[in-house]
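S.K.: The structure file coords_0.cif (mmCIF, C-alpha atoms) is provided below.
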data_start
#
loop_
_atom_site.label_atom_id
_atom_site.label_comp_id
_atom_site.auth_asym_id
_atom_site.auth_seq_id
_atom_site.Cartn_x
_atom_site.Cartn_y
_atom_site.Cartn_z
CA MET A 612 -30.30 5.01 -7.09
CA LEU A 613 -29.72 3.88 -3.51
CA GLY A 614 -26.48 2.94 -1.82
CA CYS A 615 -25.19 1.94 1.61
CA VAL A 616 -22.95 4.74 2.91
CA ILE A 617 -20.93 4.99 6.12
CA HIS A 618 -20.66 8.58 7.38
CA GLY A 619 -18.78 7.89 10.60
CA GLU A 620 -18.64 5.55 13.57
CA GLY A 621 -22.13 4.10 14.05
CA ASP A 622 -23.58 6.26 11.28
CA LEU A 623 -24.71 3.94 8.47
CA ARG A 624 -27.23 5.32 5.98
CA VAL A 625 -29.08 4.26 2.84
CA ASP A 626 -28.52 7.33 0.70
CA GLU A 627 -29.68 8.49 -2.71
CA LEU A 628 -26.64 8.45 -5.01
CA PRO A 629 -26.09 9.68 -8.57
CA VAL A 630 -26.41 7.04 -11.26
CA PRO A 631 -22.90 6.44 -12.68
CA SER A 632 -21.94 6.19 -16.34
CA PRO A 633 -19.04 4.04 -17.56
CA GLY A 634 -16.07 5.91 -18.96
CA PRO A 635 -13.42 4.61 -21.35
CA GLY A 636 -12.35 1.09 -20.40
CA GLN A 637 -15.09 0.78 -17.79
CA ALA A 638 -18.19 -1.34 -17.29
CA LEU A 639 -21.51 -0.60 -15.60
CA VAL A 640 -22.88 -3.39 -13.41
CA ALA A 641 -26.32 -3.68 -11.84
CA VAL A 642 -25.45 -5.06 -8.41
CA ARG A 643 -27.66 -7.83 -7.08
CA TYR A 644 -25.95 -9.07 -3.91
CA GLY A 645 -23.24 -7.68 -1.67
CA GLY A 646 -21.65 -9.62 1.17
CA VAL A 647 -21.14 -7.80 4.47
CA CYS A 648 -17.47 -8.27 5.37
CA GLY A 649 -15.69 -7.89 8.68
CA SER A 650 -14.05 -4.72 7.37
CA ASP A 651 -17.49 -3.23 6.59
CA LEU A 652 -18.50 -3.98 10.17
CA HIS A 653 -15.35 -2.31 11.50
CA TYR A 654 -16.08 0.86 9.53
CA TRP A 655 -19.63 0.82 10.93
CA ARG A 656 -18.77 0.09 14.55
CA HIS A 657 -15.37 1.77 14.91
CA GLY A 658 -15.05 4.27 12.08
CA GLY A 659 -12.06 2.47 10.60
CA VAL A 660 -10.22 -0.77 9.93
CA GLY A 661 -6.85 -1.19 11.59
CA ASP A 662 -4.89 1.95 10.74
CA PHE A 663 -7.34 3.05 8.01
CA ARG A 664 -9.72 5.70 9.41
CA LEU A 665 -12.76 7.27 7.78
CA LYS A 666 -12.19 10.87 6.72
CA GLU A 667 -15.26 11.29 4.50
CA PRO A 668 -18.53 9.45 3.68
CA MET A 669 -17.86 6.22 1.83
CA VAL A 670 -19.99 3.66 0.01
CA LEU A 671 -19.13 0.35 1.66
CA GLY A 672 -18.77 -3.08 0.11
CA HIS A 673 -16.33 -5.09 -1.97
CA GLU A 674 -18.02 -8.51 -2.21
CA VAL A 675 -20.43 -7.86 -5.06
CA VAL A 676 -22.10 -9.75 -7.89
CA GLY A 677 -24.63 -8.62 -10.47
CA THR A 678 -25.32 -8.22 -14.19
CA VAL A 679 -23.48 -6.32 -16.93
CA VAL A 680 -25.49 -3.26 -18.06
CA SER A 681 -23.17 -1.49 -20.50
CA TYR A 682 -19.59 -0.60 -21.41
CA GLY A 683 -17.74 2.65 -21.98
CA ASP A 684 -15.63 3.46 -25.03
CA GLY A 685 -12.99 0.88 -25.83
CA ALA A 686 -14.16 -1.52 -23.14
CA SER A 687 -15.16 -5.12 -23.63
CA GLY A 688 -15.94 -8.14 -21.51
CA PRO A 689 -18.81 -10.52 -20.81
CA VAL A 690 -21.79 -9.64 -23.01
CA VAL A 691 -24.44 -7.29 -21.66
CA GLY A 692 -26.86 -9.25 -19.48
CA THR A 693 -24.22 -11.71 -18.25
CA GLU A 694 -24.11 -12.44 -14.53
CA VAL A 695 -20.71 -11.43 -13.17
CA ALA A 696 -18.63 -11.27 -10.02
CA VAL A 697 -16.52 -8.15 -9.54
CA HIS A 698 -12.85 -8.42 -8.63
CA PRO A 699 -12.52 -5.50 -6.18
CA ALA A 700 -8.84 -4.63 -6.65
CA THR A 701 -7.25 -2.27 -9.16
CA PRO A 702 -3.46 -2.65 -8.75
CA CYS A 703 -1.22 0.04 -10.19
CA GLY A 704 0.72 -2.42 -12.36
CA ALA A 705 3.97 -0.46 -12.06
CA CYS A 706 5.27 -0.76 -8.47
CA PRO A 707 7.94 -3.35 -7.53
CA GLU A 708 5.29 -5.63 -6.03
CA CYS A 709 3.13 -5.61 -9.16
CA VAL A 710 6.13 -6.15 -11.40
CA SER A 711 7.26 -9.13 -9.31
CA GLY A 712 3.83 -10.78 -9.53
CA ARG A 713 2.54 -9.86 -6.05
CA ARG A 714 -0.22 -7.52 -7.09
CA ASN A 715 -2.23 -8.26 -3.94
CA ILE A 716 0.25 -6.16 -1.93
CA CYS A 717 0.51 -3.36 -4.50
CA ARG A 718 1.58 -0.20 -2.70
CA ASP A 719 -0.77 1.98 -4.76
CA THR A 720 -3.80 -0.26 -5.26
CA ARG A 721 -7.40 0.86 -5.28
CA TYR A 722 -9.80 -1.48 -3.48
CA LEU A 723 -13.57 -1.08 -3.44
CA GLY A 724 -14.90 0.37 -0.19
CA SER A 725 -11.52 1.20 1.35
CA ALA A 726 -10.38 4.20 3.41
CA ALA A 727 -6.72 3.27 2.93
CA ARG A 728 -6.31 6.33 0.70
CA THR A 729 -7.90 9.77 0.47
CA PRO A 730 -10.14 10.41 -1.33
CA HIS A 731 -11.49 7.02 -0.27
CA VAL A 732 -12.27 4.39 -2.88
CA GLN A 733 -16.05 4.18 -3.00
CA GLY A 734 -17.42 0.66 -2.69
CA GLY A 735 -19.91 -1.60 -4.39
CA PHE A 736 -22.92 -1.43 -2.06
CA ALA A 737 -25.00 0.53 -4.57
CA ALA A 738 -27.67 -0.35 -7.10
CA GLN A 739 -25.21 0.29 -9.94
CA LEU A 740 -21.42 0.24 -9.97
CA VAL A 741 -18.76 1.36 -12.45
CA VAL A 742 -15.48 -0.59 -12.47
CA PRO A 743 -12.66 -1.26 -14.94
CA ALA A 744 -14.05 -3.79 -17.41
CA ASP A 745 -11.18 -6.21 -16.86
CA GLN A 746 -12.31 -6.70 -13.27
CA LEU A 747 -15.48 -8.51 -14.35
CA ARG A 748 -15.62 -12.29 -14.20
CA ALA A 749 -18.49 -14.19 -15.79
CA VAL A 750 -20.21 -16.42 -13.25
CA PRO A 751 -19.84 -20.08 -14.26
CA ALA A 752 -22.98 -21.74 -15.63
CA GLY A 753 -25.11 -23.20 -12.86
CA LEU A 754 -23.51 -21.15 -10.07
CA PRO A 755 -26.25 -19.19 -8.27
CA LEU A 756 -25.46 -15.53 -7.65
CA ARG A 757 -25.98 -15.94 -3.91
CA ARG A 758 -23.18 -18.50 -3.74
CA ALA A 759 -21.08 -16.53 -6.23
CA ALA A 760 -21.13 -13.65 -3.71
CA LEU A 761 -18.72 -15.76 -1.63
CA ALA A 762 -16.02 -15.46 -4.32
CA GLU A 763 -14.17 -12.54 -2.74
CA PRO A 764 -13.83 -13.98 0.79
CA LEU A 765 -13.08 -17.43 -0.63
CA SER A 766 -10.28 -15.83 -2.69
CA VAL A 767 -8.81 -14.45 0.54
CA ALA A 768 -8.98 -17.93 2.04
CA ILE A 769 -7.39 -19.61 -0.98
CA HIS A 770 -4.54 -17.09 -0.90
CA ALA A 771 -3.96 -17.74 2.81
CA VAL A 772 -3.79 -21.50 2.25
CA ARG A 773 -1.42 -20.95 -0.67
CA ARG A 774 0.82 -18.85 1.59
CA ALA A 775 1.16 -21.91 3.82
CA GLY A 776 2.69 -23.94 0.99
CA ASP A 777 1.68 -27.47 0.04
CA VAL A 778 -0.92 -28.70 2.54
CA THR A 779 -1.51 -32.04 0.85
CA GLY A 780 -1.96 -34.74 3.49
CA LYS A 781 -1.36 -32.30 6.33
CA HIS A 782 -3.24 -31.41 9.51
CA VAL A 783 -4.33 -27.76 9.37
CA LEU A 784 -5.51 -25.73 12.35
CA VAL A 785 -7.78 -22.71 11.80
CA THR A 786 -8.36 -20.33 14.70
CA GLY A 787 -11.59 -18.38 14.22
CA ALA A 788 -14.74 -19.70 12.56
CA GLY A 789 -16.08 -16.50 11.08
CA PRO A 790 -16.91 -16.41 7.36
CA ILE A 791 -13.23 -16.19 6.37
CA GLY A 792 -12.17 -18.93 8.77
CA CYS A 793 -14.91 -21.22 7.48
CA LEU A 794 -13.84 -20.57 3.90
CA VAL A 795 -10.22 -21.32 4.86
CA VAL A 796 -11.55 -24.75 5.85
CA ALA A 797 -13.08 -25.21 2.39
CA ALA A 798 -9.92 -23.94 0.69
CA ALA A 799 -7.64 -26.21 2.74
CA LYS A 800 -9.76 -29.28 2.01
CA ALA A 801 -9.81 -28.40 -1.69
CA ALA A 802 -6.00 -28.10 -1.58
CA GLY A 803 -5.66 -31.63 -0.21
CA ALA A 804 -5.44 -31.16 3.57
CA ALA A 805 -6.00 -34.49 5.30
CA ARG A 806 -7.52 -32.97 8.41
CA VAL A 807 -8.76 -29.54 9.44
CA THR A 808 -9.38 -28.57 13.06
CA VAL A 809 -11.18 -25.30 13.86
CA THR A 810 -11.33 -23.40 17.14
CA ASP A 811 -13.75 -20.67 18.17
CA LEU A 812 -15.52 -19.41 21.28
CA LEU A 813 -19.03 -19.73 19.83
CA PRO A 814 -20.85 -23.04 19.25
CA GLN A 815 -22.88 -21.60 16.35
CA ALA A 816 -19.71 -20.46 14.58
CA LEU A 817 -18.27 -23.95 14.96
CA ARG A 818 -21.42 -25.41 13.40
CA TYR A 819 -20.76 -23.29 10.31
CA ALA A 820 -17.19 -24.61 10.26
CA VAL A 821 -18.62 -28.13 10.05
CA VAL A 822 -20.77 -27.02 7.11
CA ALA A 823 -17.57 -25.83 5.41
CA GLY A 824 -15.94 -29.23 5.91
CA ALA A 825 -14.09 -29.12 9.24
CA ASP A 826 -13.16 -32.55 10.60
CA THR A 827 -12.93 -31.43 14.23
CA VAL A 828 -14.19 -28.34 16.03
CA VAL A 829 -13.00 -27.18 19.43
CA ARG A 830 -14.25 -24.61 21.91
CA ALA A 831 -11.34 -22.19 22.27
CA ASP A 832 -12.24 -21.51 25.91
CA ASP A 833 -12.33 -25.20 26.90
CA PRO A 834 -8.79 -26.54 27.47
CA GLY A 835 -10.28 -29.92 28.37
CA ASP A 836 -12.03 -30.38 25.02
CA ALA A 837 -10.97 -33.77 23.66
CA GLY A 838 -10.76 -32.32 20.15
CA TRP A 839 -7.62 -30.29 20.86
CA PRO A 840 -4.73 -31.57 18.73
CA THR A 841 -1.35 -32.08 20.32
CA GLU A 842 0.37 -30.83 17.18
CA VAL A 843 -0.51 -29.62 13.67
CA ASP A 844 1.52 -29.12 10.50
CA VAL A 845 0.05 -25.75 9.49
CA ALA A 846 -1.97 -23.13 11.36
CA VAL A 847 -4.01 -20.28 9.88
CA GLU A 848 -4.96 -17.52 12.31
CA ALA A 849 -8.30 -16.12 11.12
CA SER A 850 -9.74 -14.59 14.29
CA GLY A 851 -7.69 -11.39 14.34
CA VAL A 852 -6.93 -11.63 18.06
CA ALA A 853 -3.58 -12.15 19.73
CA ALA A 854 -4.84 -15.20 21.64
CA GLY A 855 -5.52 -16.94 18.33
CA LEU A 856 -1.96 -16.30 17.15
CA ASP A 857 -0.65 -17.61 20.47
CA THR A 858 -2.65 -20.82 19.98
CA CYS A 859 -1.27 -21.27 16.48
CA LEU A 860 2.34 -20.81 17.60
CA ARG A 861 1.96 -23.26 20.49
CA LEU A 862 0.28 -26.01 18.48
CA VAL A 863 2.15 -25.93 15.18
CA ARG A 864 4.96 -28.48 14.94
CA ARG A 865 8.63 -27.57 14.98
CA GLY A 866 9.53 -26.15 11.60
CA GLY A 867 5.84 -25.67 10.81
CA VAL A 868 4.10 -22.72 9.20
CA VAL A 869 1.72 -20.20 10.78
CA VAL A 870 -0.21 -17.86 8.48
CA GLN A 871 -1.57 -14.67 10.05
CA LEU A 872 -4.71 -13.85 8.08
CA GLY A 873 -6.93 -12.01 10.57
CA LEU A 874 -6.20 -8.30 10.93
CA LEU A 875 -5.02 -7.69 14.50
CA PRO A 876 -6.03 -4.56 16.45
CA PRO A 877 -4.02 -1.38 15.71
CA GLY A 878 -0.69 -1.03 17.48
CA PRO A 879 1.66 -3.63 18.96
CA SER A 880 0.34 -7.15 19.57
CA PRO A 881 2.03 -9.52 22.04
CA PHE A 882 2.92 -12.96 20.74
CA ALA A 883 5.09 -15.92 21.73
CA GLY A 884 8.10 -14.76 19.70
CA ASN A 885 10.56 -17.10 21.38
CA LEU A 886 8.68 -20.06 19.91
CA VAL A 887 9.31 -18.67 16.43
CA VAL A 888 13.02 -18.80 17.25
CA THR A 889 13.41 -22.04 19.20
CA ARG A 890 11.10 -24.08 16.98
CA GLU A 891 12.04 -22.35 13.73
CA ILE A 892 8.39 -21.66 13.00
CA GLU A 893 7.71 -19.74 9.80
CA LEU A 894 5.28 -16.89 10.47
CA ARG A 895 3.79 -15.55 7.23
CA GLY A 896 1.24 -12.87 6.51
CA ALA A 897 -1.61 -13.22 4.02
CA PHE A 898 -3.34 -10.17 2.56
CA ARG A 899 -6.18 -10.16 0.06
CA PHE A 900 -5.59 -12.07 -3.20
CA ASP A 901 -5.06 -11.72 -6.95
CA ALA A 902 -5.67 -14.47 -9.50
CA GLU A 903 -7.25 -16.64 -6.80
CA PHE A 904 -10.55 -14.91 -7.64
CA ASP A 905 -10.98 -17.02 -10.77
CA GLU A 906 -10.09 -20.17 -8.84
CA ALA A 907 -12.66 -19.29 -6.20
CA LEU A 908 -15.47 -19.05 -8.73
CA GLY A 909 -14.53 -22.46 -10.11
CA LEU A 910 -14.48 -23.98 -6.64
CA LEU A 911 -17.85 -22.45 -5.75
CA ALA A 912 -19.42 -23.84 -8.91
CA GLY A 913 -18.76 -27.35 -7.63
CA ALA A 914 -19.51 -26.76 -3.95
CA PRO A 915 -23.26 -26.46 -3.35
CA GLY A 916 -22.69 -27.23 0.32
CA LEU A 917 -21.21 -23.79 0.79
CA ASP A 918 -24.70 -22.34 0.30
CA GLY A 919 -25.10 -23.11 3.99
CA LEU A 920 -22.64 -20.36 4.89
CA VAL A 921 -25.06 -17.70 3.58
CA SER A 922 -27.15 -17.32 6.69
CA ALA A 923 -29.37 -14.40 5.61
CA VAL A 924 -30.24 -12.15 2.68
CA VAL A 925 -31.44 -8.69 3.73
CA PRO A 926 -32.99 -5.98 1.50
CA LEU A 927 -30.89 -2.85 1.08
CA GLY A 928 -33.53 -0.77 2.84
CA GLU A 929 -32.86 -2.80 6.00
CA ALA A 930 -29.09 -2.45 5.75
CA GLU A 931 -28.52 -1.48 9.37
CA SER A 932 -30.40 -4.52 10.66
CA GLY A 933 -28.39 -6.62 8.20
CA PHE A 934 -25.15 -5.22 9.60
CA ALA A 935 -26.35 -5.89 13.14
CA LEU A 936 -27.11 -9.48 12.18
CA ALA A 937 -23.73 -9.89 10.48
CA ALA A 938 -22.04 -8.58 13.64
CA ASP A 939 -23.81 -11.19 15.78
CA ARG A 940 -21.70 -14.28 15.21
CA GLY A 941 -24.03 -16.29 17.40
CA ARG A 942 -26.78 -15.85 14.80
CA SER A 943 -25.04 -15.57 11.44
CA CYS A 944 -22.14 -16.43 9.18
CA LYS A 945 -22.29 -14.53 5.87
CA VAL A 946 -25.04 -11.92 5.45
CA LEU A 947 -25.84 -10.58 1.99
CA LEU A 948 -27.52 -7.29 1.13
CA ASP A 949 -30.00 -7.62 -1.73
CA PHE A 950 -29.90 -4.67 -4.13
CA GLY A 951 -32.55 -6.12 -6.42
CA ALA A 952 -35.26 -6.73 -3.84
CA GLU A 953 -38.53 -4.95 -4.41
#
Could I get this file's structure written as structure tokens?
M.R.:
Amino acid sequence: MLGCVIHGEGDLRVDELPVPSPGPGQALVAVRYGGVCGSDLHYWRHGGVGDFRLKEPMVLGHEVVGTVVSYGDGASGPVVGTEVAVHPATPCGACPECVSGRRNICRDTRYLGSAARTPHVQGGFAAQLVVPADQLRAVPAGLPLRRAALAEPLSVAIHAVRRAGDVTGKHVLVTGAGPIGCLVVAAAKAAGAARVTVTDLLPQALRYAVVAGADTVVRADDPGDAGWPTEVDVAVEASGVAAGLDTCLRLVRRGGVVVQLGLLPPGPSPFAGNLVVTREIELRGAFRFDAEFDEALGLLAGAPGLDGLVSAVVPLGEAESGFALAADRGRSCKVLLDFGAE
């Protein structure tokens, strides 16, 4: 079978891989679509994500959907042939974080397509994938697999909005209109936000934010844009750049909440720390997700408009061109690799 493997910075290959067999407690899934994530792009372009560096070849991908093929001994789940989305995290279940109900920050988790540990955890960008059976989620009836492939990034967005607290009736600012930022818009609106304003440097990215439900979009490099709010209740930083965090801290109201969702570059990042003190702003991190995955699938089932965030579907054999397209935010939002294309 074929898989999408990163061998080093700029070295992305479609390799022949051994066909896996499910062991005890595991399931075998025939992957149909895999969403190219910002972390996949970082591994491709920079050989790592944040402080996690590639030390060996790794199958990329953690946003995958497909069909159940078989189960190993003692495993059960959706019946063979069922369309499923794969929850990419395998928490340890024993660390203090897991025990306290915060499995998304498990200190010993395994996450598909991650170089956070060595040996690396191989990812889901392959024709067939073996995972623990309890990580399969049946796709709700009527939800197309292409839209279901948004479940993982939407889960990240839902978790970030939840970290902000109750957003009902509030004005939410989102800095960065990449796929995650756009899905934060959808998650905030679903959670009852009265207004969502999105900033970005690129007009095309802002058009995708409108597709996701943004009420106002603002060019981040245009201080004279009439759409700039004077104050917001909550801000979610989804761009992963220090300037975005600075914008959030300066626009959130006194006593407001800023959620840092985008991964900042490695090393120290400057930010307006005095504002955190003098305005008693609550600065919170948001990392991955846990049970939000099930909520995301339910939300997607009733949100056909989010189909518009899938800007391209590329056959596996053209993976490098698909990655190049996904990296060009002026031309794309979410790019899917198709593992079932002829």
S.K.: Which residues would end up in the selection if the PyMOL selection byres ((chain A and resi 808-816) around 9) were applied here, given that I need the answer as a PyMOL selection string?
M.R.: chain A and resi 782-790+792-793+796+806-807+817-821+825-833+838-840+843+850+855+940-944
S.K.: Please enumerate the residues selected by the PyMOL selection byres ((chain A and resi 734-745) around 9) when evaluated against the supplied file, formatted as a PyMOL selection string.
M.R.: chain A and resi 612-616+628+630-646+669-675+677+680+682-683+686-689+697-699+701+722-725+732-733+746-748+927+948+950-951
S.K.: What's the 8 Å shell around Leu761 of chain A, counting all atoms listed in the file, without same-chain residues fewer than 2 positions away, as a VMD selection string?
M.R.: chain A and resid 646 674 757 to 759 763 to 765 911
S.K.: Work out how far apart atom CA of Ala937 of chain A and atom CA of Ala760 of chain A are and give it in Å to one decimal.
M.R.: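 Interatomic distance, atom CA of Ala937 of chain A to atom CA of Ala760 of chain A: 14.9 Å.
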S.K.: Point out the residue among A:Val778, A:Ile617, A:Leu936, A:Ala902 with the least atom-to-atom distance to Ala700 of chain A, counting all atoms listed in the file.
M.R.: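 Residue with the minimum atom-to-atom distance to Ala700 of chain A: A:Ala902.
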S.K.: Rank nothing, just name the residue among A:Val691, A:Gly704, A:Ala938, A:Val679 nearest to Ser650 of chain A, using only C-alpha atoms.
M.R.: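 That would be A:Ala938, the residue with the smallest distance to Ser650 of chain A.
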S.K.: Please, what is the axis-aligned box for every listed atom of segment 878-881 of chain A with 8 Å on each side, as centre and edge lengths in Å to one decimal, as JSON?
M.R.:
{"center_x": 0.7, "center_y": -5.3, "center_z": 19.8, "size_x": 18.7, "size_y": 24.5, "size_z": 20.6}
S.K.: List every protein, DNA or RNA residue with an atom no more than 12 Å from (0.8, -16.2, 24.2) in the file's coordinates, counting only C-alpha atoms, and format the result as a list in words.
M.R.: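 Output: Val852, Ala853, Ala854, Gly855, Leu856, Asp857, Thr858, Cys859, Leu860, Arg861, Leu862, Ser880, Pro881, Phe882, Ala883, Gly884, Asn885, Leu886 and Val887 of chain A.
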S.K.: The selected residues should be written to file as a compact mmCIF listing (two decimals), in the frame of the given file (atoms: C-alpha atoms).
M.R.:
# COMPACT_ATOMS: atom_id res chain seq x y z
CA VAL A 852 -6.93 -11.63 18.06
CA ALA A 853 -3.58 -12.15 19.73
CA ALA A 854 -4.84 -15.20 21.64
CA GLY A 855 -5.52 -16.94 18.33
CA LEU A 856 -1.96 -16.30 17.15
CA ASP A 857 -0.65 -17.61 20.47
CA THR A 858 -2.65 -20.82 19.98
CA CYS A 859 -1.27 -21.27 16.48
CA LEU A 860 2.34 -20.81 17.60
CA ARG A 861 1.96 -23.26 20.49
CA LEU A 862 0.28 -26.01 18.48
CA SER A 880 0.34 -7.15 19.57
CA PRO A 881 2.03 -9.52 22.04
CA PHE A 882 2.92 -12.96 20.74
CA ALA A 883 5.09 -15.92 21.73
CA GLY A 884 8.10 -14.76 19.70
CA ASN A 885 10.56 -17.10 21.38
CA LEU A 886 8.68 -20.06 19.91
CA VAL A 887 9.31 -18.67 16.43
S.K.: Which protein, DNA or RNA residues are at most 12 Å from (-22.3, -29.0, -2.0) in the file's coordinates when you count all atoms listed in the file, listed as number ranges by chain?
M.R.: A: 754, 758, 797, 822-824, 910-920
S.K.: In Å to one decimal, how far is atom CA of Ala923 of chain A from atom CA of Gly658 of chain A?
M.R.: 24.4 Å
S.K.: What does the distance from atom CA of Arg728 of chain A to atom CA of Gly851 of chain A come to in Å, to one decimal?
M.R.: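 Separation between atom CA of Arg728 of chain A and atom CA of Gly851 of chain A: 22.4 Å.
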S.K.: Please produce segment 890-898 of chain A, completed to all heavy atoms, as a JSON list (two decimals), in the frame of the given file.
M.R.:
[["chain", "number", "residue", "atom", "x", "y", "z"],
["A", 890, "ARG", "N", 11.69, -23.00, 17.79],
["A", 890, "ARG", "CA", 11.10, -24.08, 16.98],
["A", 890, "ARG", "C", 11.23, -23.82, 15.49],
["A", 890, "ARG", "O", 10.73, -24.60, 14.68],
["A", 890, "ARG", "CB", 9.62, -24.25, 17.35],
["A", 890, "ARG", "CG", 9.38, -24.63, 18.81],
["A", 890, "ARG", "CD", 7.91, -24.86, 19.08],
["A", 890, "ARG", "NE", 7.66, -25.11, 20.49],
["A", 890, "ARG", "CZ", 6.44, -25.32, 21.01],
["A", 890, "ARG", "NH1", 5.38, -25.31, 20.22],
["A", 890, "ARG", "NH2", 6.29, -25.54, 22.29],
["A", 891, "GLU", "N", 11.89, -22.74, 15.13],
["A", 891, "GLU", "CA", 12.04, -22.35, 13.73],
["A", 891, "GLU", "C", 10.70, -22.39, 12.99],
["A", 891, "GLU", "O", 10.56, -22.96, 11.91],
["A", 891, "GLU", "CB", 13.09, -23.20, 13.01],
["A", 891, "GLU", "CG", 14.50, -22.87, 13.45],
["A", 891, "GLU", "CD", 15.56, -23.31, 12.46],
["A", 891, "GLU", "OE1", 15.24, -24.04, 11.50],
["A", 891, "GLU", "OE2", 16.73, -22.91, 12.66],
["A", 892, "ILE", "N", 9.71, -21.77, 13.61],
["A", 892, "ILE", "CA", 8.39, -21.66, 13.00],
["A", 892, "ILE", "C", 8.43, -20.54, 11.96],
["A", 892, "ILE", "O", 9.01, -19.47, 12.19],
["A", 892, "ILE", "CB", 7.32, -21.34, 14.07],
["A", 892, "ILE", "CG1", 7.20, -22.52, 15.04],
["A", 892, "ILE", "CG2", 5.98, -21.01, 13.44],
["A", 892, "ILE", "CD1", 6.39, -22.19, 16.29],
["A", 893, "GLU", "N", 7.82, -20.77, 10.83],
["A", 893, "GLU", "CA", 7.71, -19.74, 9.80],
["A", 893, "GLU", "C", 6.38, -19.01, 9.97],
["A", 893, "GLU", "O", 5.33, -19.62, 9.82],
["A", 893, "GLU", "CB", 7.82, -20.36, 8.40],
["A", 893, "GLU", "CG", 9.18, -20.97, 8.12],
["A", 893, "GLU", "CD", 9.32, -21.36, 6.65],
["A", 893, "GLU", "OE1", 8.93, -20.55, 5.79],
["A", 893, "GLU", "OE2", 9.79, -22.48, 6.39],
["A", 894, "LEU", "N", 6.46, -17.73, 10.29],
["A", 894, "LEU", "CA", 5.28, -16.89, 10.47],
["A", 894, "LEU", "C", 5.12, -16.02, 9.23],
["A", 894, "LEU", "O", 5.99, -15.20, 8.93],
["A", 894, "LEU", "CB", 5.43, -16.03, 11.73],
["A", 894, "LEU", "CG", 4.30, -15.04, 12.04],
["A", 894, "LEU", "CD1", 2.97, -15.75, 12.18],
["A", 894, "LEU", "CD2", 4.64, -14.26, 13.31],
["A", 895, "ARG", "N", 4.01, -16.23, 8.51],
["A", 895, "ARG", "CA", 3.79, -15.55, 7.23],
["A", 895, "ARG", "C", 2.48, -14.77, 7.27],
["A", 895, "ARG", "O", 1.50, -15.22, 7.85],
["A", 895, "ARG", "CB", 3.74, -16.56, 6.09],
["A", 895, "ARG", "CG", 4.97, -17.44, 5.98],
["A", 895, "ARG", "CD", 4.79, -18.54, 4.96],
["A", 895, "ARG", "NE", 5.96, -19.42, 4.91],
["A", 895, "ARG", "CZ", 6.02, -20.55, 4.22],
["A", 895, "ARG", "NH1", 4.97, -20.95, 3.50],
["A", 895, "ARG", "NH2", 7.11, -21.29, 4.24],
["A", 896, "GLY", "N", 2.47, -13.63, 6.64],
["A", 896, "GLY", "CA", 1.24, -12.87, 6.51],
["A", 896, "GLY", "C", 0.51, -13.25, 5.23],
["A", 896, "GLY", "O", 1.10, -13.77, 4.27],
["A", 897, "ALA", "N", -0.79, -13.01, 5.23],
["A", 897, "ALA", "CA", -1.61, -13.22, 4.02],
["A", 897, "ALA", "C", -2.56, -12.05, 3.90],
["A", 897, "ALA", "O", -3.34, -11.77, 4.83],
["A", 897, "ALA", "CB", -2.38, -14.53, 4.09],
["A", 898, "PHE", "N", -2.52, -11.37, 2.75],
["A", 898, "PHE", "CA", -3.34, -10.17, 2.56],
["A", 898, "PHE", "C", -4.05, -10.22, 1.21],
["A", 898, "PHE", "O", -3.40, -10.31, 0.16],
["A", 898, "PHE", "CB", -2.44, -8.93, 2.64],
["A", 898, "PHE", "CG", -3.19, -7.62, 2.64],
["A", 898, "PHE", "CD1", -4.11, -7.33, 3.62],
["A", 898, "PHE", "CD2", -2.95, -6.67, 1.66],
["A", 898, "PHE", "CE1", -4.79, -6.12, 3.64],
["A", 898, "PHE", "CE2", -3.62, -5.45, 1.66],
["A", 898, "PHE", "CZ", -4.55, -5.18, 2.66]]
